[in-house]
Structures are given as C-alpha cells and as structure tokens.
Amino acid sequence: MHEYRIAAIPGDGIGVEVIAAGLKVLEVLAGRDRSFKLKVEHFPWSSDYYLKHGHYIPEGGLEQLKQFDAIFFGAVGSPKVPDHISLWGLRLPICQGFDQYANVRPARVLPGIKSPLRNGEAIDWVVIRENSEGEYSGSGGRAHRGLPEEVATETSVFTRAGVTRIHRYAFELARSRPRKHLTLVTKSNAQRHGMVMWDEIFYEVAKQYPDVETRRVLVDAVTTQMVLKPQTLDTLVATNLHADILSDLAAALSGSLGIAPTANLNPERKFPSMFEPIHGSAFDITGKGIANPVATFWTASLMLAHLGEKDAAQRLMRAIEAVTGKRIHTPDLGGEATTEIVTEAVCDSL
C-alpha cells in the first residue's frame with residue numbers, strides 16, 4: 001500500500017471550508033480503495049497568519065513543503081491584505097519556488113449542470129497556462145511615486161527554456177487526448193518580441209509531434225470561439241496572463257467557477273506539485289456553508305492521477321458526476337444544497 005504525504009494549506013475564506021470537504025472525501029475514498037493511504041499535515045499559512053506574524057510562509061517553510069508528495073491548497077486573498085501582497089506572499093512563492101511551470105485547468109460541463117451557452121455540451125477543453133514567467137514574472141518597477149511624471153513598468157519575460165517546456169508539455173497532453181488537437185493562443189500581432197518568440201518556438205516543437213493537429217488563434221479571437229464555437233477547441237496553450245483569464249471564462253461557460261479545478265505541476269517531479277480549486281477565497285460567501293466543494297473534489301482527482309492513483313482518480317470523478325447528475329447543487333449552480341450536503345452525497349456515492 002502506498003502512503004502519500006499531503007501538505008494541506010486551506011488559506012483564506014472558503015478555502016478553509018472546501019479543503020476540509022476535500023480531505024473528508026479523500027479519506028472515504030482511501031478507506032474504500034485500500035491501495036493507498038494519505039498522511040495529511042495542515043499548515044496554517046493564511047492572511048490572518050500574515051497579519052499576526054508579518055509573513056505568509058515562515059523561514060524554512062518551503063524546505064518543509066519539499067518533503068511532501070503533493071500540496072492541497074485552498075485559496076489566498078483577504079479584504080484585510082492588498083491582493084498583490086497575499087498573492088506574492090503565499091501562492092506565487094510556492095509555484096515559482098517549486099518550478100510548477102505547467103498550470104493545467106480542465107473544463108467541461110458535468111452531468112446535471114447547465115452551461116450558459118446554447119451548445120455548452122460541446123465544451124471539453126484543457127487550458128494549459130505557462131505558470132512561471134511571462135506577464136507574471138514580477139519584472140518592472142516604479143519611479144517618481146506620487147508625482148505627475150510617475151512611471152510604472154511591467155515587463156513580460158519570456159525565455160526560450162520556459163516557452164519550450166510549456167509547449168512540449170502542451171503537445172504531450174494534446175497527444176494523450178482523443179482529438180489530438182492543440183490551439184496556440186497568442187497576441188504576436190501587437191506584442192512583437194516575446195510573443196513572436198512564443199509562436200516561433202511553438203512551431204519548432206510542433207515538428208516533433210506530427211500526429212497533433214494545431215491551430216494558431218489570437219487571444220481576443222479565441223474568446224469569441226469559446227463562446228460561439230466551443231466544439232472547435234480542445235487543448236489550448238497560452239501565456240500566464242492570457243490563460244489565467246481564459247480559464248476563468250472556461251469555468252464560467254462550464255456552469256460555475258465553483259466546479260473548476262487546477263493543477264500546478266512540476267512535470268519532472270523534482271518538487272511537489274500543488275492542486276487548488278480555481279474559485280479563490282470568495283469572502284462574500286465565507287462562513288455561510290454554501291461554498292461549492294465540487295472544484296476541490298475534481299482538484300483532488302487531478303492530485304490522485306498525478307500521484308499515480310489513476311483508478312481512484314476515476315472513481316472520484318464518477319462519484320462527483322453521479323452527484324451533479326442528481327442535481328445536488330449549491331446556490332452557484334441554482335440549487336439549495338450546502339457544502340456539507342454535497343460532500344456527504346459524494347461520500348455516499350463512493
């Protein structure tokens with residue numbers, strides 16, 4: 001029997017509620033499966049922790065996390081702390097410190113869930129986001145603060161190594177899917193340096209994958225394609241900023257941000273990967289017991305698949321789909337179920 005060490009970082013807002021729900025479902029699944037066990041350690045790093053201690057991650061914290069097989073992350077973000085401080089204080093140091101350069105976000109309409117699109121049932125996508133550089137590299141600065149001539153620069157950084165590896169990952173994933181179709185999302189008509197290199201490297205890598213069909217689409221055009229012609233897309237690869245936006249659109253078109261999962265992967269497995277629901281801390285519904293745990297359950301399924309427990313991952317997805325198919329929905333999906341009711345239903349289904 002395999003035992004996996006999981007670092008649980010619930011973080012802020014509904015992150016605390018959905019991670020608790022996710023761990024409960026994983027515990028039931030491990031009890032049923034008997035082929036693996038999860039040893040979970042909780043880390044209290046959050047915005048409240050930051051306000052008390054002056055930092056999100058204590059000294060030596062990343063070294064501690066390195067010992068784990070995976071990180072199960074809730075959300076970070078609080079009305080009490082500016083967003084750029086919380087993001088750069090907790091999530092990004094883990095993603096960048098552990099070289100989790102492939103952010104993978106599947107999107108499809110689960111049974112019993114209604115897409116706002118007329119032909120939403122055609123949605124079956126994976127958005128692959130470059131997760132380590134690009135527009136979120138943190139490169140830039142500000143001068144003459146507060147003066148009329150104040151200037152701020154935000155520099156997108158694209159490296160040949162960083163772009164090559166995300167395209168290679170995207171081709172591998174596209175090849176593993178039935179349609180073997182990959183859309184290059186770009187903005188090289190207006191951004192003529194980094195994004196032109198982004199395109200050039202894509203086509204260099206494409207030569208090694210003759211079995212994968214490719215298409216190049218500008219980022220603004222791909223948003224219209226997602227809405228009007230969802231059936232024309234399958235796997236998409238985009239930069240850090242572009243894919244961040246597109247994956248939220250994909251989640252909304254699939255029915256709700258409350259069902260969308262994320263995997264932040266270090267594909268070479270030199271470091272642990274981190275798994276998180278897409279929805280953020282959602283302080284407007286925190287403490288009401290109505291947060292949708294489906295995104296966290298789907299995220300847990302991605303985590304199990306990454307750990308090599310593919311049967312358990314599929315069993316969990318079947319249980320999730322059985323519950324959504326019965327329309328046991330939280331308010332974001334138009335239902336009246338609580339987080340607890342959905343969690344118990346998935347446990348029962350398992």
# chains A, B, ... in the order shown; residues from 1 in each chain; ligands from 1

$ select_by_dssp --residues "stretch 98-338 of chain A" --states "strand (DSSP E)" --output "PyMOL selection string"
chain A and resi 102-108+124-130+134-143+151-157+181-186+213-218+235-238+261-265+273-277

$ residues_around --residues "A:Ala30" --least-positions-apart "4" --cutoff "12 Å" --atoms "only C-alpha atoms" --output "PDB file with N, CA and C atoms, in the first residue's frame"
ATOM      1  N   MET A   1       0.849  -1.201   0.000  1.00  0.00           N
ATOM      2  CA  MET A   1       0.000   0.000   0.000  1.00  0.00           C
ATOM      3  C   MET A   1       0.882   1.248   0.000  1.00  0.00           C
ATOM      4  N   HIS A   2       0.595   2.163  -0.916  1.00  0.00           N
ATOM      5  CA  HIS A   2       1.345   3.417  -0.981  1.00  0.00           C
ATOM      6  C   HIS A   2       0.805   4.403   0.048  1.00  0.00           C
ATOM      7  N   GLU A   3       1.711   5.084   0.715  1.00  0.00           N
ATOM      8  CA  GLU A   3       1.295   6.176   1.604  1.00  0.00           C
ATOM      9  C   GLU A   3       1.864   7.476   1.048  1.00  0.00           C
ATOM     10  N   TYR A   4       0.991   8.446   0.829  1.00  0.00           N
ATOM     11  CA  TYR A   4       1.403   9.729   0.271  1.00  0.00           C
ATOM     12  C   TYR A   4       1.300  10.804   1.340  1.00  0.00           C
ATOM     13  N   LEU A  23     -10.697  16.869   1.959  1.00  0.00           N
ATOM     14  CA  LEU A  23      -9.966  15.868   2.753  1.00  0.00           C
ATOM     15  C   LEU A  23     -10.911  14.783   3.274  1.00  0.00           C
ATOM     16  N   LYS A  24     -12.142  15.171   3.585  1.00  0.00           N
ATOM     17  CA  LYS A  24     -13.127  14.182   4.045  1.00  0.00           C
ATOM     18  C   LYS A  24     -13.422  13.164   2.943  1.00  0.00           C
ATOM     19  N   VAL A  25     -13.631  13.669   1.721  1.00  0.00           N
ATOM     20  CA  VAL A  25     -13.905  12.789   0.582  1.00  0.00           C
ATOM     21  C   VAL A  25     -12.695  11.893   0.284  1.00  0.00           C
ATOM     22  N   LEU A  26     -11.503  12.463   0.347  1.00  0.00           N
ATOM     23  CA  LEU A  26     -10.289  11.674   0.103  1.00  0.00           C
ATOM     24  C   LEU A  26     -10.120  10.563   1.144  1.00  0.00           C
ATOM     25  N   ARG A  34      -8.250   1.066  -0.431  1.00  0.00           N
ATOM     26  CA  ARG A  34      -7.289   0.188   0.252  1.00  0.00           C
ATOM     27  C   ARG A  34      -5.946   0.033  -0.446  1.00  0.00           C
ATOM     28  N   SER A  35      -5.725   0.709  -1.581  1.00  0.00           N
ATOM     29  CA  SER A  35      -4.436   0.564  -2.263  1.00  0.00           C
ATOM     30  C   SER A  35      -3.490   1.716  -1.915  1.00  0.00           C
ATOM     31  N   PHE A  36      -4.031   2.753  -1.259  1.00  0.00           N
ATOM     32  CA  PHE A  36      -3.182   3.882  -0.874  1.00  0.00           C
ATOM     33  C   PHE A  36      -3.716   4.518   0.406  1.00  0.00           C
ATOM     34  N   LYS A  37      -2.817   5.236   1.064  1.00  0.00           N
ATOM     35  CA  LYS A  37      -3.185   5.986   2.260  1.00  0.00           C
ATOM     36  C   LYS A  37      -2.659   7.410   2.110  1.00  0.00           C
ATOM     37  N   LEU A  38      -3.328   8.353   2.743  1.00  0.00           N
ATOM     38  CA  LEU A  38      -2.872   9.735   2.718  1.00  0.00           C
ATOM     39  C   LEU A  38      -2.511  10.167   4.135  1.00  0.00           C
ATOM     40  N   LYS A  39      -1.300  10.687   4.278  1.00  0.00           N
ATOM     41  CA  LYS A  39      -0.888  11.242   5.565  1.00  0.00           C
ATOM     42  C   LYS A  39      -0.876  12.764   5.402  1.00  0.00           C
ATOM     43  N   ALA A 300      -8.909  17.246  -6.288  1.00  0.00           N
ATOM     44  CA  ALA A 300      -8.387  16.062  -5.587  1.00  0.00           C
ATOM     45  C   ALA A 300      -8.207  14.901  -6.558  1.00  0.00           C
ATOM     46  N   LEU A 304      -4.732  12.873  -7.316  1.00  0.00           N
ATOM     47  CA  LEU A 304      -4.582  11.414  -7.280  1.00  0.00           C
ATOM     48  C   LEU A 304      -4.002  10.888  -8.592  1.00  0.00           C
ATOM     49  N   GLU A 309      -2.391   7.284  -8.822  1.00  0.00           N
ATOM     50  CA  GLU A 309      -3.582   6.521  -8.412  1.00  0.00           C
ATOM     51  C   GLU A 309      -4.722   6.789  -9.395  1.00  0.00           C
ATOM     52  N   ASP A 311      -6.928   4.811 -10.955  1.00  0.00           N
ATOM     53  CA  ASP A 311      -8.232   4.172 -10.704  1.00  0.00           C
ATOM     54  C   ASP A 311      -9.020   4.960  -9.667  1.00  0.00           C
ATOM     55  N   ALA A 312      -8.342   5.345  -8.589  1.00  0.00           N
ATOM     56  CA  ALA A 312      -9.008   6.115  -7.535  1.00  0.00           C
ATOM     57  C   ALA A 312      -9.449   7.476  -8.072  1.00  0.00           C
ATOM     58  N   ALA A 313      -8.625   8.087  -8.912  1.00  0.00           N
ATOM     59  CA  ALA A 313      -8.971   9.387  -9.502  1.00  0.00           C
ATOM     60  C   ALA A 313     -10.250   9.263 -10.336  1.00  0.00           C
ATOM     61  N   ARG A 315     -12.542   6.907 -10.035  1.00  0.00           N
ATOM     62  CA  ARG A 315     -13.666   6.579  -9.152  1.00  0.00           C
ATOM     63  C   ARG A 315     -14.223   7.858  -8.519  1.00  0.00           C
ATOM     64  N   LEU A 316     -13.326   8.745  -8.120  1.00  0.00           N
ATOM     65  CA  LEU A 316     -13.768  10.012  -7.528  1.00  0.00           C
ATOM     66  C   LEU A 316     -14.531  10.851  -8.558  1.00  0.00           C
ATOM     67  N   CYS A 347     -19.502  11.328  -0.688  1.00  0.00           N
ATOM     68  CA  CYS A 347     -19.037  10.232   0.186  1.00  0.00           C
ATOM     69  C   CYS A 347     -19.942   9.009   0.032  1.00  0.00           C
ATOM     70  N   LEU A 350     -19.340   7.307  -3.262  1.00  0.00           N
ATOM     71  CA  LEU A 350     -18.121   6.495  -3.223  1.00  0.00           C
ATOM     72  C   LEU A 350     -18.368   5.158  -2.568  1.00  0.00           C
TER      73      LEU A 350
END

$ residues_around --residues "A:Ala21" --least-positions-apart "6" --cutoff "9 Å" --atoms "only C-alpha atoms" --output "list in words"
Pro293, Thr296, Phe297, Thr339, Glu340, Thr343 and Glu344 of chain A

$ closest_residue --among "A:Leu253, A:Ile320, A:Leu90, A:Ile85" --to "A:Pro10" --atoms "only C-alpha atoms"
A:Leu90

$ select_by_dssp --residues "stretch 173-235 of chain A" --states "alpha helix (DSSP H)" --output "list in words"
Leu173, Ala174, Arg175, Ser176, Gly194, Met195, Val196, Met197, Trp198, Asp199, Glu200, Ile201, Phe202, Tyr203, Glu204, Val205, Ala206, Val219, Asp220, Ala221, Val222, Thr223, Thr224, Gln225, Met226, Val227 and Leu228 of chain A

$ write_last_selection --atoms "C-alpha atoms" --output "PDB file, in the first residue's frame"
ATOM      1  CA  LEU A 173      -1.107  16.419 -23.194  1.00  0.00           C
ATOM      2  CA  ALA A 174      -2.850  17.126 -26.503  1.00  0.00           C
ATOM      3  CA  ARG A 175      -1.429  13.872 -27.899  1.00  0.00           C
ATOM      4  CA  SER A 176      -2.904  11.943 -24.931  1.00  0.00           C
ATOM      5  CA  GLY A 194       8.178  37.890 -26.602  1.00  0.00           C
ATOM      6  CA  MET A 195       5.015  36.689 -28.281  1.00  0.00           C
ATOM      7  CA  VAL A 196       6.644  36.317 -31.687  1.00  0.00           C
ATOM      8  CA  MET A 197       9.231  34.096 -29.989  1.00  0.00           C
ATOM      9  CA  TRP A 198       6.337  32.246 -28.286  1.00  0.00           C
ATOM     10  CA  ASP A 199       4.898  31.446 -31.741  1.00  0.00           C
ATOM     11  CA  GLU A 200       8.236  30.521 -33.329  1.00  0.00           C
ATOM     12  CA  ILE A 201       9.097  28.048 -30.572  1.00  0.00           C
ATOM     13  CA  PHE A 202       5.621  26.502 -30.780  1.00  0.00           C
ATOM     14  CA  TYR A 203       6.175  25.618 -34.435  1.00  0.00           C
ATOM     15  CA  GLU A 204       9.682  24.319 -33.722  1.00  0.00           C
ATOM     16  CA  VAL A 205       8.256  21.966 -31.078  1.00  0.00           C
ATOM     17  CA  ALA A 206       5.322  21.043 -33.367  1.00  0.00           C
ATOM     18  CA  VAL A 219      -6.245  35.678 -27.694  1.00  0.00           C
ATOM     19  CA  ASP A 220      -9.104  38.102 -28.397  1.00  0.00           C
ATOM     20  CA  ALA A 221     -10.407  35.874 -31.203  1.00  0.00           C
ATOM     21  CA  VAL A 222     -10.219  32.742 -29.054  1.00  0.00           C
ATOM     22  CA  THR A 223     -12.646  34.267 -26.509  1.00  0.00           C
ATOM     23  CA  THR A 224     -15.266  34.542 -29.262  1.00  0.00           C
ATOM     24  CA  GLN A 225     -14.510  30.993 -30.387  1.00  0.00           C
ATOM     25  CA  MET A 226     -15.019  29.702 -26.831  1.00  0.00           C
ATOM     26  CA  VAL A 227     -18.455  31.316 -26.729  1.00  0.00           C
ATOM     27  CA  LEU A 228     -19.676  30.789 -30.303  1.00  0.00           C
TER      28      LEU A 228
END

$ closest_atom_pairs --of "stretch 108-171 of chain A" --to "stretch 267-281 of chain A" --cutoff "12 Å" --atoms "only C-alpha atoms" --output "JSON lines"
{"residue": "A:Asn131", "atom": "CA", "partner": "A:Met274", "partner_atom": "CA", "distance": 11.9}
{"residue": "A:Arg165", "atom": "CA", "partner": "A:Pro267", "partner_atom": "CA", "distance": 9.7}
{"residue": "A:Ile166", "atom": "CA", "partner": "A:Pro267", "partner_atom": "CA", "distance": 10.0}
{"residue": "A:Arg168", "atom": "CA", "partner": "A:Pro267", "partner_atom": "CA", "distance": 10.9}
{"residue": "A:Tyr169", "atom": "CA", "partner": "A:Pro267", "partner_atom": "CA", "distance": 8.1}
{"residue": "A:Ala170", "atom": "CA", "partner": "A:Pro267", "partner_atom": "CA", "distance": 11.4}

$ write_last_selection --atoms "C-alpha atoms" --output "PDB file, in the first residue's frame"
ATOM      1  CA  ASN A 131       2.961  29.344 -14.822  1.00  0.00           C
ATOM      2  CA  ARG A 165       8.973  23.367 -21.964  1.00  0.00           C
ATOM      3  CA  ILE A 166       5.367  24.603 -21.730  1.00  0.00           C
ATOM      4  CA  ARG A 168       6.316  20.498 -25.119  1.00  0.00           C
ATOM      5  CA  TYR A 169       4.052  19.756 -22.150  1.00  0.00           C
ATOM      6  CA  ALA A 170       1.039  21.023 -24.124  1.00  0.00           C
TER       7      ALA A 170
END

$ closest_residue --among "A:Asn103, A:Ser254, A:Gln191, A:Thr155" --to "A:Pro230" --atoms "only C-alpha atoms"
A:Ser254

$ atom_distance --atom1 "atom CA of A:Val18" --atom2 "atom CA of A:Ala252"
18.8 Å

$ closest_residue --among "A:Leu51, A:Ala20, A:Val163, A:Val212" --to "A:Val81" --atoms "only C-alpha atoms"
A:Leu51

$ closest_atom_pairs --of "stretch 85-196 of chain A" --to "stretch 11-14 of chain A" --cutoff "12 Å" --atoms "only C-alpha atoms" --output "CSV"
residue,atom,partner,partner_atom,distance
A:Ser86,CA,A:Asp12,CA,9.9
A:Leu87,CA,A:Gly11,CA,11.3
A:Gly89,CA,A:Gly11,CA,11.6
A:Leu90,CA,A:Gly11,CA,8.9
A:Arg91,CA,A:Gly11,CA,9.7

$ residues_around --residues "A:Ser247" --least-positions-apart "2" --cutoff "10 Å" --atoms "only C-alpha atoms" --output "tab-separated table (two decimals) with C-alpha atoms, in the first residue's frame"
chain	number	residue	atom	x	y	z
A	104	VAL	CA	-3.48	22.73	-16.07
A	105	ARG	CA	-7.17	23.64	-15.99
A	106	PRO	CA	-9.72	21.19	-17.46
A	107	ALA	CA	-13.19	22.48	-18.31
A	125	TRP	CA	-11.25	21.64	-23.01
A	126	VAL	CA	-7.95	21.76	-21.19
A	127	VAL	CA	-6.34	25.18	-20.80
A	128	ILE	CA	-2.58	24.93	-20.23
A	129	ARG	CA	-1.10	28.03	-18.67
A	236	LEU	CA	-5.19	25.32	-25.54
A	238	ALA	CA	-1.42	30.26	-23.50
A	242	HIS	CA	-3.87	35.04	-21.16
A	243	ALA	CA	-4.54	31.56	-19.77
A	244	ASP	CA	-5.41	32.99	-16.35
A	245	ILE	CA	-8.24	34.94	-17.99
A	249	LEU	CA	-14.04	32.16	-18.87
A	250	ALA	CA	-13.90	28.40	-19.48
A	251	ALA	CA	-15.07	27.75	-15.92
A	252	ALA	CA	-17.97	30.20	-16.20
A	253	LEU	CA	-19.03	28.70	-19.55
A	257	LEU	CA	-16.27	28.85	-11.05
A	260	ALA	CA	-13.29	24.29	-11.85
A	261	PRO	CA	-10.06	22.57	-10.74
A	262	THR	CA	-6.39	23.47	-11.15
A	278	ILE	CA	-9.91	27.87	-9.26

$ closest_residue --among "A:Gly140, A:Thr164, A:Ser115, A:Arg145" --to "A:Gly334" --atoms "only C-alpha atoms"
A:Ser115

$ residues_around --residues "A:Pro93" --least-positions-apart "4" --cutoff "10 Å" --atoms "only C-alpha atoms" --output "PDB file with N, CA and C atoms, in the first residue's frame"
ATOM      1  N   TYR A  56       3.613  35.241   5.273  1.00  0.00           N
ATOM      2  CA  TYR A  56       2.727  34.093   4.998  1.00  0.00           C
ATOM      3  C   TYR A  56       3.469  32.781   5.241  1.00  0.00           C
ATOM      4  N   ILE A  57       4.672  32.703   4.690  1.00  0.00           N
ATOM      5  CA  ILE A  57       5.458  31.471   4.800  1.00  0.00           C
ATOM      6  C   ILE A  57       6.612  31.737   5.753  1.00  0.00           C
ATOM      7  N   LEU A  62       9.317  26.601   2.855  1.00  0.00           N
ATOM      8  CA  LEU A  62       9.397  25.905   1.566  1.00  0.00           C
ATOM      9  C   LEU A  62      10.211  24.623   1.693  1.00  0.00           C
ATOM     10  N   LEU A  87      -0.915  37.408  -2.841  1.00  0.00           N
ATOM     11  CA  LEU A  87      -0.541  36.518  -3.948  1.00  0.00           C
ATOM     12  C   LEU A  87       0.967  36.258  -3.956  1.00  0.00           C
ATOM     13  N   TRP A  88       1.748  37.335  -3.847  1.00  0.00           N
ATOM     14  CA  TRP A  88       3.213  37.195  -3.856  1.00  0.00           C
ATOM     15  C   TRP A  88       3.744  36.677  -2.522  1.00  0.00           C
ATOM     16  N   GLY A  89       2.876  36.645  -1.503  1.00  0.00           N
ATOM     17  CA  GLY A  89       3.308  36.147  -0.198  1.00  0.00           C
ATOM     18  C   GLY A  89       3.142  34.656  -0.027  1.00  0.00           C
ATOM     19  N   GLY A  97       8.867  28.815  -6.552  1.00  0.00           N
ATOM     20  CA  GLY A  97       9.929  28.140  -5.801  1.00  0.00           C
ATOM     21  C   GLY A  97      10.031  26.667  -6.130  1.00  0.00           C
ATOM     22  N   PHE A  98       8.913  26.059  -6.487  1.00  0.00           N
ATOM     23  CA  PHE A  98       8.896  24.631  -6.826  1.00  0.00           C
ATOM     24  C   PHE A  98       8.778  24.408  -8.336  1.00  0.00           C
ATOM     25  N   ASP A  99       9.041  25.460  -9.097  1.00  0.00           N
ATOM     26  CA  ASP A  99       9.071  25.366 -10.559  1.00  0.00           C
ATOM     27  C   ASP A  99       7.836  24.640 -11.117  1.00  0.00           C
TER      28      ASP A  99
END

$ decode --residues "stretch 21-35 of chain A" --atoms "C-alpha atoms" --output "short mmCIF file (atom, residue, chain, number, x, y, z; two decimals), in the first residue's frame"
data_model
loop_
_atom_site.label_atom_id
_atom_site.label_comp_id
_atom_site.auth_asym_id
_atom_site.auth_seq_id
_atom_site.Cartn_x
_atom_site.Cartn_y
_atom_site.Cartn_z
CA ALA A 21 -14.61 18.86 2.49
CA GLY A 22 -11.96 17.63 0.03
CA LEU A 23 -9.97 15.87 2.75
CA LYS A 24 -13.13 14.18 4.05
CA VAL A 25 -13.91 12.79 0.58
CA LEU A 26 -10.29 11.67 0.10
CA GLU A 27 -10.40 9.89 3.46
CA VAL A 28 -13.54 7.97 2.44
CA LEU A 29 -12.01 7.15 -0.94
CA ALA A 30 -8.76 5.87 0.62
CA GLY A 31 -10.80 3.76 3.06
CA ARG A 32 -12.73 2.21 0.16
CA ASP A 33 -9.77 1.80 -2.16
CA ARG A 34 -7.29 0.19 0.25
CA SER A 35 -4.44 0.56 -2.26
#
